[in-house]
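Visitor: Next comes the structure file upload-v3.txt, holding compact mmCIF, C-alpha atoms.
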```
# COMPACT_ATOMS: atom_id res chain seq x y z
CA GLY A 14 -3.88 -0.29 27.13
CA PHE A 15 -2.93 3.08 25.69
CA ALA A 16 0.65 2.02 24.95
CA MET A 17 -0.35 -1.18 23.16
CA SER A 18 -3.24 0.42 21.25
CA SER A 19 -1.29 3.51 20.19
CA GLY A 20 1.95 1.61 19.62
CA PRO A 21 2.31 -1.86 18.10
CA LEU A 22 -1.41 -2.41 17.44
CA ILE A 23 -1.99 0.69 15.31
CA TRP A 24 1.29 0.27 13.43
CA SER A 25 0.18 -3.25 12.48
CA VAL A 26 -2.15 -1.63 9.93
CA TYR A 27 0.91 -0.25 8.15
CA ILE A 28 3.21 -3.24 8.69
CA PHE A 29 0.72 -5.90 7.59
CA ARG A 30 -0.84 -3.68 4.90
CA ASN A 31 -4.35 -3.87 6.32
CA SER A 32 -6.88 -2.69 3.77
CA ILE A 33 -10.30 -1.05 3.96
CA VAL A 34 -12.33 -3.17 1.55
CA PHE A 35 -15.97 -2.83 2.54
CA HIS A 36 -17.15 -5.95 0.72
CA ASP A 37 -14.45 -8.19 2.25
CA MET A 38 -15.09 -9.40 5.79
CA ASP A 39 -11.51 -10.61 6.43
CA HIS A 40 -9.95 -7.28 5.49
CA MET A 41 -12.47 -5.23 7.46
CA THR A 42 -12.04 -7.46 10.52
CA SER A 43 -8.25 -6.92 10.48
CA VAL A 44 -8.68 -3.16 10.16
CA PHE A 45 -11.27 -3.07 12.96
CA ILE A 46 -9.11 -5.11 15.34
CA HIS A 47 -6.07 -2.87 14.86
CA LEU A 48 -7.74 0.53 14.45
CA SER A 49 -10.70 0.60 16.86
CA PRO A 50 -8.65 0.43 20.12
CA PHE A 51 -6.55 3.35 18.87
CA ILE A 52 -9.67 5.44 18.19
CA LEU A 53 -11.03 4.59 21.66
CA MET A 54 -7.79 5.69 23.33
CA TRP A 55 -7.73 8.90 21.29
CA CYS A 56 -11.24 9.72 22.48
CA LEU A 57 -10.41 8.91 26.11
CA ARG A 58 -7.24 11.02 26.08
CA TRP A 59 -8.49 14.06 24.18
CA GLY A 60 -12.26 13.87 24.55
CA ALA A 61 -12.77 14.89 20.91
CA GLY A 62 -11.19 18.26 21.70
CA THR A 63 -12.36 18.64 25.30
CA PRO A 64 -10.58 16.14 27.59
CA SER A 65 -12.71 17.00 30.65
CA ILE A 66 -15.84 15.73 28.87
CA ILE A 67 -14.72 12.17 29.67
CA HIS A 68 -14.72 12.95 33.39
CA THR A 69 -18.04 14.81 33.14
CA THR A 70 -19.76 12.03 31.21
CA PHE A 71 -18.23 9.07 33.08
CA PRO A 72 -17.41 10.32 36.59
CA GLU A 73 -15.31 7.90 38.66
CA MET A 74 -15.49 5.36 35.84
CA LEU A 75 -12.53 6.32 33.66
CA ARG A 76 -9.57 7.93 35.43
CA VAL A 77 -7.68 9.45 32.52
CA CYS A 78 -6.40 12.26 34.77
CA GLU A 79 -5.87 12.18 38.52
CA SER A 80 -7.93 15.27 39.37
CA GLU A 81 -10.44 17.76 38.01
CA GLU A 82 -7.67 20.37 37.95
CA GLU A 83 -5.65 18.26 35.54
CA PHE A 84 -8.70 17.78 33.31
CA ALA A 85 -9.17 21.55 33.27
CA ALA A 86 -5.48 22.01 32.41
CA ALA A 87 -5.85 19.52 29.55
CA ASP A 88 -8.79 21.56 28.22
CA VAL A 89 -6.60 24.66 28.27
CA CYS A 90 -3.88 22.80 26.34
CA LEU A 91 -6.09 22.36 23.31
CA GLN A 92 -6.91 26.08 23.22
CA SER A 93 -3.43 27.06 22.04
CA LEU A 94 -1.08 25.91 19.30
CA GLN A 95 1.69 25.18 21.80
CA GLY A 96 -0.65 23.00 23.85
CA VAL A 97 -1.81 21.13 20.77
CA VAL A 98 1.80 20.31 19.93
CA TRP A 99 2.75 19.30 23.49
CA CYS A 100 0.54 19.07 26.58
CA ASP A 101 1.95 18.33 30.05
CA ALA A 102 -1.48 18.10 31.66
CA CYS A 103 -2.27 14.57 32.88
CA SER A 104 1.40 13.80 32.35
CA ALA A 105 2.84 10.32 32.74
CA PRO A 106 6.47 9.10 32.88
CA PRO A 107 7.95 7.05 30.01
CA SER A 108 8.11 3.97 32.25
CA ASP A 109 4.29 3.87 32.36
CA PHE A 110 4.29 3.23 28.63
CA VAL A 111 7.06 0.62 28.62
CA LEU A 112 6.95 -1.57 31.73
CA PRO A 113 3.22 -2.50 31.76
CA ALA A 114 3.28 -3.09 27.99
CA THR A 115 6.30 -5.36 28.32
CA ALA A 116 4.69 -7.36 31.15
CA ILE A 117 1.39 -7.72 29.29
CA TYR A 118 3.11 -8.73 26.07
CA THR A 119 5.34 -11.31 27.74
CA CYS A 120 2.82 -12.95 30.06
CA ILE A 121 -0.41 -12.75 28.07
CA TRP A 122 0.86 -13.17 24.50
CA ALA A 123 4.52 -14.20 24.05
CA ILE A 124 4.78 -17.14 26.45
CA PRO A 125 1.41 -18.76 25.52
CA TYR A 126 2.06 -18.14 21.81
CA PHE A 127 5.51 -19.72 21.89
CA TYR A 128 4.29 -22.77 23.80
CA LEU A 129 1.19 -23.38 21.67
CA ILE A 130 2.66 -22.62 18.23
CA PHE A 131 6.22 -23.94 18.55
CA VAL A 132 5.84 -26.70 21.15
CA ARG A 133 2.32 -28.02 21.70
CA TRP A 134 0.86 -27.73 18.19
CA SER A 135 4.01 -27.47 16.04
CA ASP A 136 3.62 -30.88 14.39
CA TRP A 137 -0.10 -30.36 13.72
CA ILE A 138 0.57 -26.95 12.18
CA LYS A 139 3.16 -28.45 9.82
CA GLU A 140 0.94 -31.39 8.88
CA THR A 141 -2.10 -29.20 8.13
CA LYS A 142 0.04 -26.45 6.55
CA ARG A 143 -1.45 -23.71 8.70
CA ASP A 144 -0.25 -20.13 8.30
CA THR A 145 1.41 -18.48 11.29
CA LEU A 146 3.06 -15.14 11.98
CA TYR A 147 6.44 -16.83 12.17
CA ALA A 148 5.91 -18.59 8.82
CA TYR A 149 5.03 -15.23 7.27
CA PHE A 150 8.10 -13.64 8.84
CA ALA A 151 10.43 -16.42 7.64
CA LEU A 152 8.99 -16.17 4.14
CA THR A 153 9.30 -12.39 3.86
CA ASN A 154 12.58 -12.05 5.80
CA PRO A 155 14.66 -15.14 4.93
CA SER A 156 18.04 -13.49 5.59
CA MET A 157 17.07 -12.30 9.06
CA ASN A 158 15.57 -15.67 9.92
CA ALA A 159 18.77 -17.39 8.74
CA MET A 160 20.78 -15.05 10.96
CA PHE A 161 18.67 -15.99 13.96
CA GLU A 162 19.09 -19.69 13.25
CA GLN A 163 22.85 -19.34 12.93
CA ASN A 164 23.51 -17.12 15.94
CA LEU A 165 21.03 -18.66 18.38
CA ASN A 166 21.58 -22.30 17.48
CA GLY A 167 24.00 -22.82 20.36
CA LEU A 168 21.53 -21.48 22.92
CA PHE A 169 18.21 -22.90 21.76
CA GLY A 170 19.06 -25.67 19.31
CA SER A 171 18.22 -25.91 15.64
CA LYS A 172 14.49 -26.42 16.27
CA TYR A 173 13.89 -23.32 18.36
CA SER A 174 16.66 -20.91 17.26
CA GLY A 175 14.60 -19.36 14.46
CA PRO A 176 11.36 -19.07 16.45
CA MET A 177 13.18 -17.70 19.50
CA GLY A 178 14.95 -15.10 17.36
CA TYR A 179 11.61 -14.09 15.91
CA MET A 180 10.07 -13.78 19.38
CA LEU A 181 12.95 -11.61 20.62
CA TYR A 182 12.69 -9.44 17.53
CA HIS A 183 8.93 -9.19 18.03
CA LEU A 184 9.46 -8.24 21.68
CA PHE A 185 11.95 -5.50 20.77
CA SER A 186 9.62 -4.10 18.10
CA THR A 187 6.61 -4.18 20.40
CA VAL A 188 8.36 -2.44 23.30
CA THR A 189 9.91 0.17 21.01
CA LEU A 190 6.58 1.04 19.41
CA ALA A 191 4.88 1.06 22.81
CA ALA A 192 7.50 3.55 24.02
CA THR A 193 6.60 5.94 21.19
CA SER A 194 3.08 6.19 22.61
CA TYR A 195 4.58 8.46 25.28
CA LEU A 196 4.81 11.14 22.57
CA LEU A 197 1.23 10.52 21.47
CA TRP A 198 -0.06 10.83 25.04
CA HIS A 199 1.43 14.30 25.31
CA SER A 200 0.76 15.55 21.78
CA PHE A 201 -2.70 15.99 20.32
CA LEU A 202 -1.10 16.91 17.00
CA LEU A 203 1.01 13.74 16.73
CA HIS A 204 -1.80 11.51 17.95
CA THR A 205 -4.25 12.91 15.42
CA ALA A 206 -1.71 12.97 12.59
CA LEU A 207 -0.93 9.29 13.14
CA PHE A 208 -4.63 8.44 12.96
CA PHE A 209 -5.04 10.15 9.58
CA PHE A 210 -1.81 8.60 8.29
CA ILE A 211 -2.97 5.10 9.19
CA LEU A 212 -6.48 5.74 7.85
CA VAL A 213 -5.16 6.99 4.51
CA THR A 214 -2.77 4.02 4.37
CA ALA A 215 -5.63 1.54 4.89
CA VAL A 216 -7.77 3.28 2.25
CA HIS A 217 -4.84 3.30 -0.19
CA ASN A 218 -4.16 -0.40 0.43
CA GLY A 219 -7.83 -1.13 -0.12
CA SER A 220 -7.91 0.74 -3.40
CA LYS A 221 -4.90 -1.18 -4.70
CA TYR A 222 -6.43 -4.48 -3.59
CA SER A 223 -9.77 -3.71 -5.25
CA PHE A 224 -8.07 -2.65 -8.47
CA ARG A 225 -6.02 -5.84 -8.62
CA VAL A 226 -8.97 -8.11 -7.86
CA PHE A 227 -11.31 -6.51 -10.37
CA ALA A 228 -8.55 -6.33 -12.99
CA TYR A 229 -7.76 -10.02 -12.57
CA ARG A 230 -11.43 -10.99 -12.70
CA TYR A 231 -11.98 -8.89 -15.81
CA ALA A 232 -8.92 -10.38 -17.49
CA GLU A 233 -10.02 -13.89 -16.56
CA GLY A 234 -13.50 -13.24 -17.94
CA GLN A 235 -12.13 -11.88 -21.19
CA LEU A 236 -9.77 -14.84 -21.50
CA LYS A 237 -12.62 -17.32 -21.10
CA LYS A 238 -14.76 -15.32 -23.51
CA HIS A 239 -12.17 -15.35 -26.27
CA LEU A 240 -10.57 -18.71 -25.49
CA SER A 241 -11.85 -20.19 -28.74
CA VAL A 242 -10.12 -17.46 -30.72
CA LEU A 243 -6.82 -18.09 -28.95
CA ASP A 244 -7.10 -21.82 -29.62
```
Can the structure from this file be put into structure tokens for me?

Guide:
Amino acid sequence: GFAMSSGPLIWSVYIFRNSIVFHDMDHMTSVFIHLSPFILMWCLRWGAGTPSIIHTTFPEMLRVCESEEEFAAADVCLQSLQGVVWCDACSAPPSDFVLPATAIYTCIWAIPYFYLIFVRWSDWIKETKRDTLYAYFALTNPSMNAMFEQNLNGLFGSKYSGPMGYMLYHLFSTVTLAATSYLLWHSFLLHTALFFFILVTAVHNGSKYSFRVFAYRYAEGQLKKHLSVLD
């Protein structure tokens, strides 16, 4: 959970340009889905500055650390600059952030997504012109999609070469970003800095969106108001 929340999920705010627009339900839903798990994991790992408070408040419910001694060591970490930068208390190996994330991604998301979107419902999606992640990817990255279709055509055929290339690319990106969560688990500074970076990014995206929307609406209103003059 930590690897996915603090890896690919939180970076989706930046990649997909999620925006904090309080009067728009769609935008706020996207931000909430991608940001709230990250905030939860930050609280569980660092306890808002006192990691042991998680164990004290929820004994035997949430096992962030293996023992009370490790919780106490994590508390000591956040009392010094060196510990804030890197904390070995409640340490975990890099494999804990890669292998479970890869298994969860493949079994719970990738395989069902590929079957439903590219096999079971592919014709219906084309007929109803539904938007999908792959359609967005092919539209915004035409050269990369063309490369996938060319190089993977012999293995998967013309129908599935592009989608399979996208899925492999998505897998690589997800695992790579999940692996970076190892650094966040051990660094209060990096974990907190990423939160503020993503938050500022979402606010900035929202401000640009609001400016464009209100500017377009104002321009449209002025155009209708003075249409007779233009005619």

Visitor: In terms of the shortest atom-to-atom distance over only C-alpha atoms, which of A:Ala123, A:Ser18, A:His199, A:Lys221 is closest to Tyr179 in chain A?

Guide: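 Among the listed residues, A:Ala123 lies closest to Tyr179 in chain A.
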
Visitor: Might you pull out every residue within 12 Å of Ala116 in chain A, with only C-alpha atoms counted and same-chain residues fewer than 6 positions away left off, and present them as a PDB file with C-alpha atoms, in the coordinates of the input?

Guide:
```pdb
ATOM      1  CA  GLY A  14      -3.880  -0.290  27.130  1.00  0.00           C
ATOM      2  CA  ALA A  16       0.650   2.020  24.950  1.00  0.00           C
ATOM      3  CA  MET A  17      -0.350  -1.180  23.160  1.00  0.00           C
ATOM      4  CA  SER A 108       8.110   3.970  32.250  1.00  0.00           C
ATOM      5  CA  ASP A 109       4.290   3.870  32.360  1.00  0.00           C
ATOM      6  CA  PHE A 110       4.290   3.230  28.630  1.00  0.00           C
ATOM      7  CA  TRP A 122       0.860 -13.170  24.500  1.00  0.00           C
ATOM      8  CA  ALA A 123       4.520 -14.200  24.050  1.00  0.00           C
ATOM      9  CA  ILE A 124       4.780 -17.140  26.450  1.00  0.00           C
ATOM     10  CA  LEU A 184       9.460  -8.240  21.680  1.00  0.00           C
ATOM     11  CA  THR A 187       6.610  -4.180  20.400  1.00  0.00           C
ATOM     12  CA  VAL A 188       8.360  -2.440  23.300  1.00  0.00           C
ATOM     13  CA  ALA A 191       4.880   1.060  22.810  1.00  0.00           C
TER      14      ALA A 191
END
```

Visitor: So that I can see what lies close to range 51-67 of chain A, please list as a ChimeraX atom specification the residues with an atom at most 8 Å from it, counting only C-alpha atoms and leaving out residues fewer than 3 positions away in the same chain.

Guide: /A:15,18-19,22-23,47-48,70-72,75,77,81,84-85,87-88,91,198,201,204-205,208

Visitor: So, with all atoms listed in the file as the atoms that count, which of A:Leu240, A:Gly178, A:Arg230, A:Pro106 lies closest to Leu165 in chain A?

Guide: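 For Leu165 in chain A, the nearest of the given residues is A:Gly178.
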
Visitor: Name the closest residue to Asn31 in chain A among the candidates A:Gly234, A:Pro125, A:Gly219, A:Pro50; distances are taken between atoms, counting all atoms listed in the file.

Guide: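 Closest candidate: A:Gly219.
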
Visitor: Provide the CA of Thr153 in chain A to CA of Ala206 in chain A distance in Å, to one decimal place.

Guide: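 Interatomic distance here is 29.0 Å.
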
Visitor: Any idea what the distance is between CA of Cys120 in chain A and CA of Val132 in chain A?

Guide: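 According to the coordinates, CA of Cys120 in chain A and CA of Val132 in chain A are separated by 16.7 Å.
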
Visitor: Compare A:His217, A:His239, A:His183, A:Arg76 by their minimum atom-to-atom distance to Val34 in chain A, counting all atoms listed in the file, and give me the closest one.

Guide: A:His217

Visitor: I'd like the interatomic distance between CA of Leu146 in chain A and CA of Tyr173 in chain A, to a tenth of an Å.

Guide: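 Computing it gives 15.0 Å between the two atoms.
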
Visitor: Range 106-117 of chain A from the block above, all heavy atoms, as an mmCIF file, in the first residue's frame, please?

Guide:
```
data_model
loop_
_atom_site.group_PDB
_atom_site.id
_atom_site.type_symbol
_atom_site.label_atom_id
_atom_site.label_comp_id
_atom_site.auth_asym_id
_atom_site.auth_seq_id
_atom_site.Cartn_x
_atom_site.Cartn_y
_atom_site.Cartn_z
ATOM 1 N N PRO A 106 13.658 -3.485 3.420
ATOM 2 C CA PRO A 106 14.498 -3.651 2.229
ATOM 3 C C PRO A 106 13.800 -3.148 0.969
ATOM 4 O O PRO A 106 12.562 -3.082 0.922
ATOM 5 C CB PRO A 106 14.713 -5.165 2.162
ATOM 6 C CG PRO A 106 13.513 -5.736 2.843
ATOM 7 C CD PRO A 106 13.170 -4.773 3.939
ATOM 8 N N PRO A 107 14.572 -2.794 -0.064
ATOM 9 C CA PRO A 107 13.961 -2.309 -1.320
ATOM 10 C C PRO A 107 12.967 -3.283 -1.941
ATOM 11 O O PRO A 107 11.999 -2.862 -2.576
ATOM 12 C CB PRO A 107 15.182 -2.100 -2.231
ATOM 13 C CG PRO A 107 16.319 -1.853 -1.298
ATOM 14 C CD PRO A 107 16.036 -2.710 -0.090
ATOM 15 N N SER A 108 13.202 -4.585 -1.743
ATOM 16 C CA SER A 108 12.301 -5.581 -2.340
ATOM 17 C C SER A 108 10.884 -5.461 -1.802
ATOM 18 O O SER A 108 9.911 -5.777 -2.500
ATOM 19 C CB SER A 108 12.838 -6.995 -2.079
ATOM 20 O OG SER A 108 12.953 -7.238 -0.680
ATOM 21 N N ASP A 109 10.728 -4.987 -0.564
ATOM 22 C CA ASP A 109 9.388 -4.826 0.011
ATOM 23 C C ASP A 109 8.577 -3.758 -0.716
ATOM 24 O O ASP A 109 7.342 -3.744 -0.621
ATOM 25 C CB ASP A 109 9.492 -4.453 1.494
ATOM 26 C CG ASP A 109 9.839 -5.645 2.363
ATOM 27 O OD1 ASP A 109 9.954 -6.758 1.812
ATOM 28 O OD2 ASP A 109 9.996 -5.474 3.586
ATOM 29 N N PHE A 110 9.264 -2.875 -1.411
ATOM 30 C CA PHE A 110 8.578 -1.795 -2.116
ATOM 31 C C PHE A 110 8.390 -2.098 -3.603
ATOM 32 O O PHE A 110 7.714 -1.350 -4.294
ATOM 33 C CB PHE A 110 9.365 -0.485 -1.948
ATOM 34 C CG PHE A 110 9.531 -0.063 -0.529
ATOM 35 C CD1 PHE A 110 10.603 -0.510 0.230
ATOM 36 C CD2 PHE A 110 8.600 0.761 0.073
ATOM 37 C CE1 PHE A 110 10.753 -0.125 1.553
ATOM 38 C CE2 PHE A 110 8.734 1.156 1.397
ATOM 39 C CZ PHE A 110 9.825 0.703 2.140
ATOM 40 N N VAL A 111 9.000 -3.179 -4.077
ATOM 41 C CA VAL A 111 8.947 -3.511 -5.499
ATOM 42 C C VAL A 111 8.102 -4.760 -5.757
ATOM 43 O O VAL A 111 7.175 -4.734 -6.575
ATOM 44 C CB VAL A 111 10.357 -3.699 -6.072
ATOM 45 C CG1 VAL A 111 10.285 -4.161 -7.526
ATOM 46 C CG2 VAL A 111 11.152 -2.397 -5.977
ATOM 47 N N LEU A 112 8.416 -5.850 -5.088
ATOM 48 C CA LEU A 112 7.761 -7.126 -5.383
ATOM 49 C C LEU A 112 6.258 -7.118 -5.085
ATOM 50 O O LEU A 112 5.462 -7.507 -5.951
ATOM 51 C CB LEU A 112 8.467 -8.251 -4.613
ATOM 52 C CG LEU A 112 9.941 -8.472 -4.975
ATOM 53 C CD1 LEU A 112 10.523 -9.635 -4.173
ATOM 54 C CD2 LEU A 112 10.098 -8.719 -6.467
ATOM 55 N N PRO A 113 5.814 -6.690 -3.891
ATOM 56 C CA PRO A 113 4.360 -6.657 -3.659
ATOM 57 C C PRO A 113 3.640 -5.706 -4.610
ATOM 58 O O PRO A 113 2.547 -6.021 -5.092
ATOM 59 C CB PRO A 113 4.247 -6.177 -2.203
ATOM 60 C CG PRO A 113 5.556 -6.503 -1.583
ATOM 61 C CD PRO A 113 6.567 -6.331 -2.672
ATOM 62 N N ALA A 114 4.255 -4.549 -4.893
ATOM 63 C CA ALA A 114 3.628 -3.589 -5.805
ATOM 64 C C ALA A 114 3.476 -4.174 -7.203
ATOM 65 O O ALA A 114 2.457 -3.983 -7.865
ATOM 66 C CB ALA A 114 4.461 -2.306 -5.862
ATOM 67 N N THR A 115 4.499 -4.902 -7.652
ATOM 68 C CA THR A 115 4.439 -5.524 -8.974
ATOM 69 C C THR A 115 3.340 -6.588 -9.032
ATOM 70 O O THR A 115 2.584 -6.667 -10.011
ATOM 71 C CB THR A 115 5.789 -6.165 -9.323
ATOM 72 O OG1 THR A 115 6.819 -5.177 -9.253
ATOM 73 C CG2 THR A 115 5.765 -6.760 -10.719
ATOM 74 N N ALA A 116 3.243 -7.406 -7.977
ATOM 75 C CA ALA A 116 2.228 -8.457 -7.941
ATOM 76 C C ALA A 116 0.820 -7.869 -7.905
ATOM 77 O O ALA A 116 -0.078 -8.324 -8.623
ATOM 78 C CB ALA A 116 2.459 -9.353 -6.723
ATOM 79 N N ILE A 117 0.632 -6.834 -7.085
ATOM 80 C CA ILE A 117 -0.684 -6.192 -6.989
ATOM 81 C C ILE A 117 -1.065 -5.551 -8.317
ATOM 82 O O ILE A 117 -2.192 -5.694 -8.802
ATOM 83 C CB ILE A 117 -0.681 -5.140 -5.865
ATOM 84 C CG1 ILE A 117 -0.569 -5.841 -4.498
ATOM 85 C CG2 ILE A 117 -1.941 -4.279 -5.915
ATOM 86 C CD1 ILE A 117 -0.367 -4.881 -3.339
#
```
